[in-house]
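Peer 1: File name my_file.cif; file contents mmCIF, N, CA and C atoms; full text below.
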data_my_file
#
loop_
_atom_site.label_atom_id
_atom_site.label_comp_id
_atom_site.auth_asym_id
_atom_site.auth_seq_id
_atom_site.Cartn_x
_atom_site.Cartn_y
_atom_site.Cartn_z
N MET A 727 63.30 85.96 111.33
CA MET A 727 64.65 86.49 111.39
C MET A 727 65.30 86.50 110.01
N ARG A 728 64.98 85.49 109.19
CA ARG A 728 65.55 85.43 107.84
C ARG A 728 65.15 86.64 107.02
N GLY A 729 63.93 87.11 107.22
CA GLY A 729 63.46 88.29 106.50
C GLY A 729 64.27 89.53 106.86
N LEU A 730 64.62 89.67 108.12
CA LEU A 730 65.43 90.80 108.55
C LEU A 730 66.83 90.74 107.94
N TRP A 731 67.41 89.52 107.89
CA TRP A 731 68.72 89.36 107.24
C TRP A 731 68.64 89.71 105.76
N PHE A 732 67.54 89.29 105.11
CA PHE A 732 67.38 89.56 103.68
C PHE A 732 67.24 91.06 103.42
N ILE A 733 66.42 91.73 104.20
CA ILE A 733 66.25 93.17 104.05
C ILE A 733 67.57 93.89 104.29
N SER A 734 68.30 93.48 105.32
CA SER A 734 69.61 94.07 105.59
C SER A 734 70.56 93.86 104.42
N GLY A 735 70.53 92.67 103.82
CA GLY A 735 71.35 92.39 102.65
C GLY A 735 71.01 93.29 101.48
N CYS A 736 69.72 93.50 101.25
CA CYS A 736 69.28 94.38 100.15
C CYS A 736 69.74 95.81 100.39
N ILE A 737 69.64 96.27 101.63
CA ILE A 737 70.09 97.63 101.96
C ILE A 737 71.59 97.75 101.74
N CYS A 738 72.34 96.73 102.12
CA CYS A 738 73.79 96.76 101.93
C CYS A 738 74.17 96.73 100.45
N VAL A 739 73.47 95.95 99.65
CA VAL A 739 73.74 95.95 98.21
C VAL A 739 73.45 97.33 97.62
N ALA A 740 72.33 97.92 98.02
CA ALA A 740 71.98 99.25 97.51
C ALA A 740 73.03 100.28 97.92
N THR A 741 73.47 100.22 99.16
CA THR A 741 74.49 101.16 99.64
C THR A 741 75.80 100.94 98.91
N GLY A 742 76.17 99.68 98.69
CA GLY A 742 77.38 99.38 97.93
C GLY A 742 77.29 99.86 96.50
N ALA A 743 76.12 99.74 95.90
CA ALA A 743 75.94 100.20 94.52
C ALA A 743 76.07 101.72 94.45
N VAL A 744 75.55 102.42 95.43
CA VAL A 744 75.70 103.87 95.48
C VAL A 744 77.19 104.22 95.65
N GLY A 745 77.91 103.38 96.38
CA GLY A 745 79.33 103.60 96.60
C GLY A 745 80.16 103.52 95.32
N ILE A 746 79.64 102.85 94.31
CA ILE A 746 80.34 102.80 93.02
C ILE A 746 80.35 104.20 92.40
N ILE A 747 79.27 104.94 92.61
CA ILE A 747 79.13 106.27 92.02
C ILE A 747 79.77 107.35 92.91
N LEU A 748 79.54 107.25 94.22
CA LEU A 748 80.07 108.25 95.16
C LEU A 748 81.44 107.80 95.66
N PRO A 749 82.47 108.56 95.37
CA PRO A 749 83.82 108.10 95.66
C PRO A 749 84.16 107.97 97.14
N LEU A 750 83.49 108.67 98.04
CA LEU A 750 83.83 108.59 99.45
C LEU A 750 83.05 107.50 100.20
N LEU A 751 82.14 106.84 99.53
CA LEU A 751 81.36 105.77 100.15
C LEU A 751 81.95 104.43 99.73
N PRO A 752 82.40 103.62 100.69
CA PRO A 752 83.03 102.36 100.31
C PRO A 752 82.02 101.37 99.73
N THR A 753 82.47 100.61 98.75
CA THR A 753 81.59 99.65 98.08
C THR A 753 81.77 98.25 98.66
N VAL A 754 82.99 97.76 98.65
CA VAL A 754 83.24 96.35 98.99
C VAL A 754 82.83 96.00 100.41
N PRO A 755 83.09 96.82 101.43
CA PRO A 755 82.62 96.42 102.77
C PRO A 755 81.12 96.20 102.83
N PHE A 756 80.36 97.03 102.13
CA PHE A 756 78.91 96.83 102.11
C PHE A 756 78.52 95.56 101.35
N LEU A 757 79.26 95.25 100.29
CA LEU A 757 78.98 94.01 99.55
C LEU A 757 79.34 92.78 100.37
N LEU A 758 80.42 92.86 101.13
CA LEU A 758 80.78 91.74 102.01
C LEU A 758 79.72 91.54 103.08
N LEU A 759 79.23 92.65 103.63
CA LEU A 759 78.16 92.56 104.62
C LEU A 759 76.88 92.01 103.99
N ALA A 760 76.59 92.43 102.76
CA ALA A 760 75.42 91.90 102.05
C ALA A 760 75.55 90.39 101.84
N ALA A 761 76.76 89.94 101.47
CA ALA A 761 76.98 88.51 101.27
C ALA A 761 76.72 87.74 102.56
N LEU A 762 77.17 88.30 103.68
CA LEU A 762 76.92 87.66 104.98
C LEU A 762 75.42 87.60 105.26
N CYS A 763 74.74 88.72 105.05
CA CYS A 763 73.29 88.75 105.30
C CYS A 763 72.54 87.77 104.42
N PHE A 764 72.91 87.72 103.14
CA PHE A 764 72.24 86.81 102.23
C PHE A 764 72.56 85.35 102.55
N ALA A 765 73.78 85.08 103.02
CA ALA A 765 74.14 83.71 103.39
C ALA A 765 73.26 83.21 104.53
N LYS A 766 72.81 84.14 105.37
CA LYS A 766 71.96 83.77 106.50
C LYS A 766 70.47 83.78 106.15
N SER A 767 70.14 84.29 104.95
CA SER A 767 68.72 84.42 104.64
C SER A 767 68.28 83.71 103.36
N SER A 768 69.09 83.78 102.31
CA SER A 768 68.63 83.28 101.01
C SER A 768 69.80 82.77 100.17
N ASP A 769 69.80 81.48 99.90
CA ASP A 769 70.85 80.91 99.04
C ASP A 769 70.79 81.52 97.64
N THR A 770 69.59 81.78 97.15
CA THR A 770 69.44 82.35 95.82
C THR A 770 70.06 83.75 95.75
N ALA A 771 69.76 84.58 96.72
CA ALA A 771 70.32 85.94 96.74
C ALA A 771 71.83 85.90 96.94
N HIS A 772 72.30 85.01 97.80
CA HIS A 772 73.74 84.88 98.04
C HIS A 772 74.46 84.45 96.77
N ASN A 773 73.94 83.46 96.09
CA ASN A 773 74.55 83.01 94.84
C ASN A 773 74.51 84.10 93.77
N TRP A 774 73.40 84.84 93.70
CA TRP A 774 73.31 85.94 92.74
C TRP A 774 74.41 86.97 93.01
N LEU A 775 74.61 87.31 94.28
CA LEU A 775 75.58 88.35 94.62
C LEU A 775 77.01 87.91 94.34
N ILE A 776 77.37 86.70 94.73
CA ILE A 776 78.77 86.29 94.57
C ILE A 776 79.10 85.92 93.13
N THR A 777 78.09 85.72 92.29
CA THR A 777 78.36 85.44 90.87
C THR A 777 78.04 86.64 89.98
N HIS A 778 77.63 87.74 90.58
CA HIS A 778 77.31 88.95 89.82
C HIS A 778 78.56 89.45 89.10
N LYS A 779 78.36 89.93 87.87
CA LYS A 779 79.48 90.37 87.02
C LYS A 779 80.28 91.50 87.67
N ALA A 780 79.62 92.46 88.26
CA ALA A 780 80.32 93.61 88.86
C ALA A 780 80.60 93.42 90.34
N PHE A 781 79.64 92.90 91.09
CA PHE A 781 79.78 92.79 92.53
C PHE A 781 80.56 91.56 92.98
N GLY A 782 80.50 90.50 92.20
CA GLY A 782 81.07 89.22 92.62
C GLY A 782 82.58 89.16 92.76
N PRO A 783 83.36 89.67 91.79
CA PRO A 783 84.82 89.51 91.87
C PRO A 783 85.47 90.02 93.16
N PRO A 784 85.13 91.23 93.65
CA PRO A 784 85.79 91.65 94.88
C PRO A 784 85.41 90.79 96.09
N ILE A 785 84.17 90.29 96.09
CA ILE A 785 83.74 89.41 97.18
C ILE A 785 84.51 88.10 97.12
N GLN A 786 84.62 87.53 95.92
CA GLN A 786 85.36 86.28 95.76
C GLN A 786 86.83 86.45 96.11
N ASP A 787 87.44 87.58 95.70
CA ASP A 787 88.83 87.85 96.06
C ASP A 787 89.02 87.85 97.57
N TRP A 788 88.08 88.48 98.27
CA TRP A 788 88.19 88.58 99.72
C TRP A 788 88.00 87.21 100.37
N TYR A 789 86.99 86.46 99.92
CA TYR A 789 86.73 85.14 100.48
C TYR A 789 87.91 84.19 100.26
N GLN A 790 88.49 84.23 99.08
CA GLN A 790 89.54 83.27 98.74
C GLN A 790 90.87 83.58 99.40
N SER A 791 91.25 84.88 99.46
CA SER A 791 92.59 85.17 99.97
C SER A 791 92.69 86.46 100.76
N GLY A 792 91.59 87.10 101.05
CA GLY A 792 91.64 88.37 101.75
C GLY A 792 92.28 89.45 100.92
N ALA A 793 92.20 89.30 99.58
CA ALA A 793 92.89 90.20 98.66
C ALA A 793 92.03 91.39 98.27
N ILE A 794 92.74 92.49 97.98
CA ILE A 794 92.11 93.69 97.43
C ILE A 794 92.88 94.04 96.17
N ARG A 795 92.17 94.25 95.08
CA ARG A 795 92.84 94.57 93.81
C ARG A 795 93.50 95.94 93.87
N ARG A 796 94.61 96.08 93.15
CA ARG A 796 95.38 97.33 93.17
C ARG A 796 94.54 98.55 92.78
N PRO A 797 93.71 98.49 91.73
CA PRO A 797 92.92 99.69 91.42
C PRO A 797 92.01 100.11 92.58
N ALA A 798 91.49 99.14 93.31
CA ALA A 798 90.65 99.47 94.47
C ALA A 798 91.49 100.10 95.58
N LYS A 799 92.70 99.62 95.75
CA LYS A 799 93.59 100.21 96.76
C LYS A 799 93.93 101.65 96.40
N VAL A 800 94.23 101.89 95.14
CA VAL A 800 94.57 103.24 94.69
C VAL A 800 93.36 104.16 94.86
N MET A 801 92.19 103.70 94.47
CA MET A 801 90.97 104.51 94.60
C MET A 801 90.68 104.81 96.08
N ALA A 802 90.83 103.81 96.93
CA ALA A 802 90.59 104.03 98.36
C ALA A 802 91.57 105.05 98.92
N THR A 803 92.83 104.96 98.51
CA THR A 803 93.83 105.92 98.98
C THR A 803 93.51 107.33 98.50
N CYS A 804 93.08 107.46 97.27
CA CYS A 804 92.70 108.78 96.74
C CYS A 804 91.51 109.35 97.52
N CYS A 805 90.55 108.51 97.83
CA CYS A 805 89.39 108.96 98.60
C CYS A 805 89.78 109.36 100.01
N ILE A 806 90.69 108.62 100.61
CA ILE A 806 91.17 108.95 101.95
C ILE A 806 91.86 110.31 101.93
N LEU A 807 92.71 110.52 100.95
CA LEU A 807 93.40 111.81 100.83
C LEU A 807 92.41 112.95 100.56
N ALA A 808 91.41 112.68 99.73
CA ALA A 808 90.40 113.70 99.43
C ALA A 808 89.60 114.06 100.69
N ALA A 809 89.23 113.06 101.47
CA ALA A 809 88.47 113.32 102.69
C ALA A 809 89.28 114.16 103.67
N PHE A 810 90.57 113.84 103.81
CA PHE A 810 91.41 114.60 104.72
C PHE A 810 91.63 116.02 104.20
N THR A 811 91.79 116.15 102.90
CA THR A 811 91.98 117.47 102.29
C THR A 811 90.74 118.34 102.50
N VAL A 812 89.57 117.77 102.35
CA VAL A 812 88.33 118.52 102.58
C VAL A 812 88.27 118.98 104.04
N SER A 813 88.65 118.12 104.96
CA SER A 813 88.65 118.50 106.37
C SER A 813 89.61 119.65 106.63
N LEU A 814 90.77 119.60 106.00
CA LEU A 814 91.73 120.70 106.12
C LEU A 814 91.14 122.00 105.56
N ALA A 815 90.54 121.91 104.39
CA ALA A 815 89.98 123.09 103.74
C ALA A 815 88.82 123.69 104.53
N LEU A 816 88.09 122.85 105.24
CA LEU A 816 86.96 123.34 106.04
C LEU A 816 87.40 123.91 107.38
N GLY A 817 88.68 123.77 107.68
CA GLY A 817 89.19 124.31 108.95
C GLY A 817 88.77 123.52 110.17
N VAL A 818 88.69 122.22 110.03
CA VAL A 818 88.34 121.36 111.16
C VAL A 818 89.39 121.53 112.26
N ARG A 819 88.97 121.46 113.49
CA ARG A 819 89.87 121.67 114.63
C ARG A 819 91.01 120.66 114.63
N TRP A 820 92.13 121.07 115.19
CA TRP A 820 93.36 120.27 115.15
C TRP A 820 93.18 118.90 115.78
N TRP A 821 92.42 118.82 116.89
CA TRP A 821 92.26 117.54 117.56
C TRP A 821 91.43 116.57 116.71
N ALA A 822 90.45 117.11 115.99
CA ALA A 822 89.64 116.26 115.11
C ALA A 822 90.46 115.83 113.90
N LEU A 823 91.28 116.74 113.38
CA LEU A 823 92.17 116.39 112.27
C LEU A 823 93.16 115.31 112.70
N SER A 824 93.68 115.43 113.90
CA SER A 824 94.62 114.43 114.41
C SER A 824 93.96 113.06 114.53
N LEU A 825 92.78 113.04 115.09
CA LEU A 825 92.04 111.78 115.22
C LEU A 825 91.73 111.20 113.85
N GLN A 826 91.28 112.06 112.94
CA GLN A 826 90.97 111.61 111.58
C GLN A 826 92.23 111.07 110.90
N ALA A 827 93.34 111.74 111.07
CA ALA A 827 94.59 111.30 110.45
C ALA A 827 95.00 109.92 110.97
N ILE A 828 94.86 109.71 112.26
CA ILE A 828 95.22 108.41 112.84
C ILE A 828 94.33 107.31 112.29
N VAL A 829 93.02 107.55 112.27
CA VAL A 829 92.08 106.54 111.76
C VAL A 829 92.33 106.26 110.28
N LEU A 830 92.50 107.31 109.49
CA LEU A 830 92.71 107.12 108.05
C LEU A 830 94.05 106.44 107.78
N LEU A 831 95.06 106.73 108.58
CA LEU A 831 96.34 106.06 108.43
C LEU A 831 96.21 104.56 108.73
N CYS A 832 95.49 104.23 109.78
CA CYS A 832 95.27 102.82 110.12
C CYS A 832 94.52 102.10 109.00
N ILE A 833 93.52 102.75 108.45
CA ILE A 833 92.76 102.17 107.34
C ILE A 833 93.68 101.96 106.14
N SER A 834 94.51 102.95 105.84
CA SER A 834 95.44 102.83 104.71
C SER A 834 96.43 101.70 104.90
N ILE A 835 96.94 101.57 106.10
CA ILE A 835 97.88 100.48 106.39
C ILE A 835 97.19 99.14 106.19
N PHE A 836 95.96 99.02 106.68
CA PHE A 836 95.22 97.77 106.49
C PHE A 836 95.03 97.47 105.01
N ILE A 837 94.57 98.46 104.26
CA ILE A 837 94.30 98.25 102.83
C ILE A 837 95.56 97.81 102.10
N TRP A 838 96.66 98.52 102.33
CA TRP A 838 97.90 98.21 101.59
C TRP A 838 98.61 96.97 102.11
N SER A 839 98.22 96.47 103.28
CA SER A 839 98.84 95.24 103.79
C SER A 839 98.15 93.98 103.25
N ARG A 840 96.98 94.16 102.62
CA ARG A 840 96.25 93.03 102.04
C ARG A 840 96.94 92.57 100.77
N PRO A 841 96.92 91.27 100.50
CA PRO A 841 97.50 90.80 99.23
C PRO A 841 96.68 91.29 98.04
N GLU A 842 97.32 91.23 96.87
CA GLU A 842 96.64 91.64 95.63
C GLU A 842 96.42 90.42 94.76
N VAL A 843 95.38 90.50 93.97
CA VAL A 843 95.06 89.40 93.05
C VAL A 843 95.84 89.61 91.76
#
If you took the structure in this file and wrote it as structure tokens, what would it be?

Peer 2:
Amino acid sequence: MRGLWFISGCICVATGAVGIILPLLPTVPFLLLAALCFAKSSDTAHNWLITHKAFGPPIQDWYQSGAIRRPAKVMATCCILAAFTVSLALGVRWWALSLQAIVLLCISIFIWSRPEV
């Protein structure tokens, strides 16, 4: 079972790393999931992830206070607006736009309700 947790953690780290480059793919949720997977499988991998120069700070912020840094909040909001704008431009049906708007609004409220570091 530990091997499955480890493989899942590696996949989550890879997906999170791709999320750094692709603006619509979230990074931190995948890194948090990777930290959970590594905590269940490998102390070495878990320690590497939470002390990593690029990946570690957002994980530590979340663990310590549930905080999201302001630049991440702004980037997430821009991506949310971009995703909705693309849906509008593609002519997505009104009911799907309404559902998307509700979900994205809830996500935005959650993000902006988190404390900042």

Peer 1: List, as a list in words, every residue that the PyMOL selection byres ((chain A and resi 842) around 6) selects in the file provided.

Peer 2: Ala793, Ile794, Arg795, Arg796, Arg840, Pro841 and Val843 of chain A

Peer 1: What is the CA of Cys805 (chain A) to CA of Leu750 (chain A) distance in Å?

Peer 2: 5.6 Å

Peer 1: I need the output of the PyMOL selection byres ((chain A and resi 765-777) around 7) for this file as number ranges by chain; which residues are they?

Peer 2: A: 727-729, 731-732, 760-764, 778-783, 785-786

Peer 1: Could you pull out all residues of chain A with a DSSP call of alpha helix (DSSP H) and give them as JSON, numbers by chain?

Peer 2: {"A": [728, 729, 730, 731, 732, 733, 734, 735, 736, 737, 738, 739, 740, 741, 742, 743, 744, 745, 746, 747, 754, 755, 756, 757, 758, 759, 760, 761, 762, 763, 764, 765, 766, 767, 769, 770, 771, 772, 773, 774, 775, 776, 777, 782, 783, 784, 785, 786, 787, 788, 789, 790, 791, 796, 797, 798, 799, 800, 801, 802, 803, 804, 805, 806, 807, 808, 809, 810, 811, 812, 813, 814, 815, 820, 821, 822, 823, 824, 825, 826, 827, 828, 829, 830, 831, 832, 833, 834, 835, 836, 837, 838, 839]}

Peer 1: Could you check how far atom N of Gly735 (chain A) sits from atom C of Leu759 (chain A), in Å to one decimal?

Peer 2: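 If I compute the distance from atom N of Gly735 (chain A) to atom C of Leu759 (chain A), I get 6.4 Å.
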
Peer 1: Between atom N of Trp838 (chain A) and CA of Lys799 (chain A), measure the distance and give it in Å to one decimal.

Peer 2: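 Atom-to-atom, atom N of Trp838 (chain A) and CA of Lys799 (chain A) are spaced 6.6 Å apart.
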
Peer 1: Which is closest to Pro755 (chain A) among A:Gly742, A:Gly817, A:Gly792, A:Pro797, if we use all atoms listed in the file?

Peer 2: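 When distances to Pro755 (chain A) are compared using all atoms listed in the file, the smallest one comes from A:Gly742.
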
Peer 1: With all atoms listed in the file as the basis for distance, which of A:Leu757, A:Leu816, A:Ile833, A:Met801 is at the shortest distance from Ala740 (chain A)?

Peer 2: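 Checking each of A:Leu757, A:Leu816, A:Ile833, A:Met801 against Ala740 (chain A), counting all atoms listed in the file, the winner is A:Leu757.
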
Peer 1: From the block you just saw, export region 755-804 of chain A: C-alpha atoms, as an mmCIF file, in the first residue's frame.

Peer 2:
data_model
loop_
_atom_site.group_PDB
_atom_site.id
_atom_site.type_symbol
_atom_site.label_atom_id
_atom_site.label_comp_id
_atom_site.auth_asym_id
_atom_site.auth_seq_id
_atom_site.Cartn_x
_atom_site.Cartn_y
_atom_site.Cartn_z
ATOM 1 C CA PRO A 755 -3.900 21.522 -4.191
ATOM 2 C CA PHE A 756 -1.827 18.897 -5.987
ATOM 3 C CA LEU A 757 1.181 19.660 -3.779
ATOM 4 C CA LEU A 758 -0.956 19.350 -0.649
ATOM 5 C CA LEU A 759 -2.244 16.018 -1.911
ATOM 6 C CA ALA A 760 1.334 14.947 -2.687
ATOM 7 C CA ALA A 761 2.375 15.879 0.863
ATOM 8 C CA LEU A 762 -0.436 13.708 2.223
ATOM 9 C CA CYS A 763 0.553 10.796 -0.014
ATOM 10 C CA PHE A 764 4.214 11.096 0.911
ATOM 11 C CA ALA A 765 3.379 11.364 4.622
ATOM 12 C CA LYS A 766 1.718 7.955 4.300
ATOM 13 C CA SER A 767 4.508 6.401 2.260
ATOM 14 C CA SER A 768 7.952 7.963 2.688
ATOM 15 C CA ASP A 769 9.369 10.286 5.337
ATOM 16 C CA THR A 770 12.239 11.123 2.989
ATOM 17 C CA ALA A 771 9.941 12.180 0.148
ATOM 18 C CA HIS A 772 7.671 14.082 2.543
ATOM 19 C CA ASN A 773 10.589 15.996 4.036
ATOM 20 C CA TRP A 774 11.960 16.725 0.552
ATOM 21 C CA LEU A 775 8.617 18.154 -0.559
ATOM 22 C CA ILE A 776 7.898 20.349 2.454
ATOM 23 C CA THR A 777 11.445 21.745 2.495
ATOM 24 C CA HIS A 778 11.685 22.216 -1.284
ATOM 25 C CA LYS A 779 12.616 25.779 -2.271
ATOM 26 C CA ALA A 780 9.676 26.245 -4.660
ATOM 27 C CA PHE A 781 7.092 23.701 -3.503
ATOM 28 C CA GLY A 782 7.584 23.914 0.253
ATOM 29 C CA PRO A 783 6.454 27.453 1.192
ATOM 30 C CA PRO A 784 2.821 27.171 0.053
ATOM 31 C CA ILE A 785 2.512 23.780 1.757
ATOM 32 C CA GLN A 786 3.982 25.151 4.988
ATOM 33 C CA ASP A 787 1.690 28.210 4.817
ATOM 34 C CA TRP A 788 -1.327 25.939 4.508
ATOM 35 C CA TYR A 789 -0.223 23.566 7.290
ATOM 36 C CA GLN A 790 0.586 26.370 9.721
ATOM 37 C CA SER A 791 -2.404 28.662 9.249
ATOM 38 C CA GLY A 792 -4.493 27.669 6.252
ATOM 39 C CA ALA A 793 -3.039 30.722 4.510
ATOM 40 C CA ILE A 794 -2.765 31.504 0.816
ATOM 41 C CA ARG A 795 -0.334 34.187 -0.319
ATOM 42 C CA ARG A 796 -1.795 37.236 -2.071
ATOM 43 C CA PRO A 797 0.013 36.647 -5.401
ATOM 44 C CA ALA A 798 -1.472 33.141 -5.507
ATOM 45 C CA LYS A 799 -4.926 34.538 -4.778
ATOM 46 C CA VAL A 800 -4.592 37.101 -7.558
ATOM 47 C CA MET A 801 -3.325 34.469 -10.015
ATOM 48 C CA ALA A 802 -6.148 32.095 -9.099
ATOM 49 C CA THR A 803 -8.706 34.862 -9.593
ATOM 50 C CA CYS A 804 -7.234 35.737 -12.994
#
